[in-house]
Amino acid sequence: MGIVKQLITTSGPLLAYMSAVPLLRMVPFLTRSAPPLLDGPVQTTVDFPAVQPPAEPYHWPRSHVLSGNPVQTATYIYTSPDALFAAGIWTCEIGKFRIDFGRAEFIQILEGVVIVTDADGASKTYRAGDAFVTPKGFSGTWDVIEPIKKHFTWYGSGE
């Protein structure tokens, strides 16, 4: 009886360790090599510049501007070959405007403060360092309290 108790007592931690460590790593001759690189043209990463390249300012349609003068710029850093994905830098001056998102967008606020209010009236304030996603179909307002600069990525056809 003492031997059985000793086996049960010592085998518990050993079994727990063995289940936590993949068996393939415990036996060196069973290790696998890394998968081959993908075939096709060489692709490189695309870096965001430290300073935004010059961009032409543009205005929201007057019908969408609720207050201020929210002049904007957009610099596209990357656009996919099928034009369904893009990433860039966007700026906007102080003002409030109505906005409807025709595609999903990830936003990282780099500078400034904005209050985003949805069609139901729920609002959130975003500041430098905050990140969020605006889903396709979002309708509401952006109230830019301090000039905004953001990194963005969007996906979709924009219909």
# chains A, B, ... in the order shown; residues from 1 in each chain; ligands from 1
call {"tool": "residues_around", "arguments": {"residues": "Lys149 (chain A)", "least_positions_apart": "6", "cutoff": "10 Å", "atoms": "only C-alpha atoms", "output": "list in words"}}
result
Gln52, Gln72, Thr73, Ala74, Ile89, Trp90, Thr91, Cys92, Glu93, Gln108, Ile109, Leu110, Glu111, Gly112, Val113 and Ala128 of chain A
call {"tool": "residues_around", "arguments": {"residues": "Ala131 (chain A)", "least_positions_apart": "4", "cutoff": "12 Å", "atoms": "only C-alpha atoms", "output": "list in words"}}
result
Glu105, Phe106, Ile107, Gln108, Ile109, Leu110, Glu111, Val114, Lys124, Thr125, Tyr126, Arg127, Lys150, His151, Phe152 and Thr153 of chain A
call {"tool": "atom_distance", "arguments": {"atom1": "CA of Ser80 (chain A)", "atom2": "CA of Val42 (chain A)"}}
result
15.0 Å
call {"tool": "residues_around", "arguments": {"residues": "Ile77 (chain A)", "least_positions_apart": "3", "cutoff": "7 Å", "atoms": "only C-alpha atoms", "output": "PyMOL selection string"}}
result
chain A and resi 48+87-88
call {"tool": "write_last_selection", "arguments": {"atoms": "N, CA and C atoms", "output": "tab-separated table (two decimals), in the first residue's frame"}}
result
chain	number	residue	atom	x	y	z
A	48	PHE	N	5.35	53.67	-41.72
A	48	PHE	CA	4.76	55.00	-41.62
A	48	PHE	C	5.90	55.99	-41.40
A	87	ALA	N	-4.05	52.11	-45.59
A	87	ALA	CA	-3.54	52.63	-44.32
A	87	ALA	C	-2.94	54.00	-44.59
A	88	GLY	N	-3.06	54.90	-43.62
A	88	GLY	CA	-2.50	56.22	-43.83
A	88	GLY	C	-2.57	57.10	-42.60
call {"tool": "select_by_dssp", "arguments": {"residues": "region 120-157 of chain A", "states": "strand (DSSP E or B)", "output": "ChimeraX atom specification"}}
result
/A:123-127,131-134,139-155
call {"tool": "closest_residue", "arguments": {"among": "A:Tyr76, A:Leu66, A:Val144, A:Gly137", "to": "Pro53 (chain A)", "atoms": "only C-alpha atoms"}}
result
A:Tyr76
call {"tool": "residues_around", "arguments": {"residues": "Leu84 (chain A)", "least_positions_apart": "6", "cutoff": "9 Å", "atoms": "only C-alpha atoms", "output": "list of chain:residue names"}}
result
A:Trp154, A:Tyr155, A:Gly156, A:Ser157, A:Gly158
call {"tool": "residues_around", "arguments": {"residues": "Asp100 (chain A)", "least_positions_apart": "4", "cutoff": "12 Å", "atoms": "only C-alpha atoms", "output": "list in words"}}
result
His64, Ala104, Glu105, Val116, Thr117, Asp118, Ala119, Thr134, Pro135, Lys136, Gly137, Phe138, Ser139, Gly140, Thr141, Trp142, Gly158 and Glu159 of chain A
call {"tool": "atom_distance", "arguments": {"atom1": "CA of Ile94 (chain A)", "atom2": "CA of Asp47 (chain A)"}}
result
28.0 Å
call {"tool": "closest_residue", "arguments": {"among": "A:Thr75, A:Gly121, A:Pro70, A:Leu37", "to": "Pro54 (chain A)", "atoms": "only C-alpha atoms"}}
result
A:Thr75
call {"tool": "atom_distance", "arguments": {"atom1": "CA of Pro57 (chain A)", "atom2": "CA of Val71 (chain A)"}}
result
6.3 Å
call {"tool": "decode", "arguments": {"residues": "region 56-90 of chain A", "atoms": "C-alpha atoms", "output": "short mmCIF file (atom, residue, chain, number, x, y, z; two decimals), in the first residue's frame"}}
result
data_model
loop_
_atom_site.label_atom_id
_atom_site.label_comp_id
_atom_site.auth_asym_id
_atom_site.auth_seq_id
_atom_site.Cartn_x
_atom_site.Cartn_y
_atom_site.Cartn_z
CA GLU A 56 -3.68 68.80 -49.91
CA PRO A 57 -6.30 70.06 -47.44
CA TYR A 58 -9.95 69.37 -48.23
CA HIS A 59 -13.29 70.33 -46.69
CA TRP A 60 -16.32 68.33 -45.63
CA PRO A 61 -19.46 69.07 -47.65
CA ARG A 62 -21.16 72.10 -46.04
CA SER A 63 -24.27 69.97 -45.44
CA HIS A 64 -22.25 67.75 -43.07
CA VAL A 65 -20.46 70.50 -41.10
CA LEU A 66 -22.28 71.32 -37.85
CA SER A 67 -19.76 73.82 -36.43
CA GLY A 68 -16.24 75.16 -36.91
CA ASN A 69 -14.10 74.62 -39.98
CA PRO A 70 -12.93 70.97 -39.93
CA VAL A 71 -10.38 71.17 -42.73
CA GLN A 72 -8.73 67.78 -43.28
CA THR A 73 -5.78 66.09 -44.94
CA ALA A 74 -5.27 62.44 -45.83
CA THR A 75 -2.03 60.76 -46.82
CA TYR A 76 -2.26 57.16 -48.00
CA ILE A 77 0.84 55.22 -47.00
CA TYR A 78 -0.37 51.90 -48.40
CA THR A 79 -3.23 50.71 -50.60
CA SER A 80 -3.65 47.03 -51.50
CA PRO A 81 -3.66 46.06 -55.18
CA ASP A 82 -7.40 45.30 -55.03
CA ALA A 83 -8.04 48.68 -53.28
CA LEU A 84 -9.97 46.95 -50.48
CA PHE A 85 -7.41 47.75 -47.77
CA ALA A 86 -5.59 50.99 -47.06
CA ALA A 87 -3.54 52.63 -44.32
CA GLY A 88 -2.50 56.22 -43.83
CA ILE A 89 -2.36 59.40 -41.81
CA TRP A 90 -5.35 61.74 -41.44
#
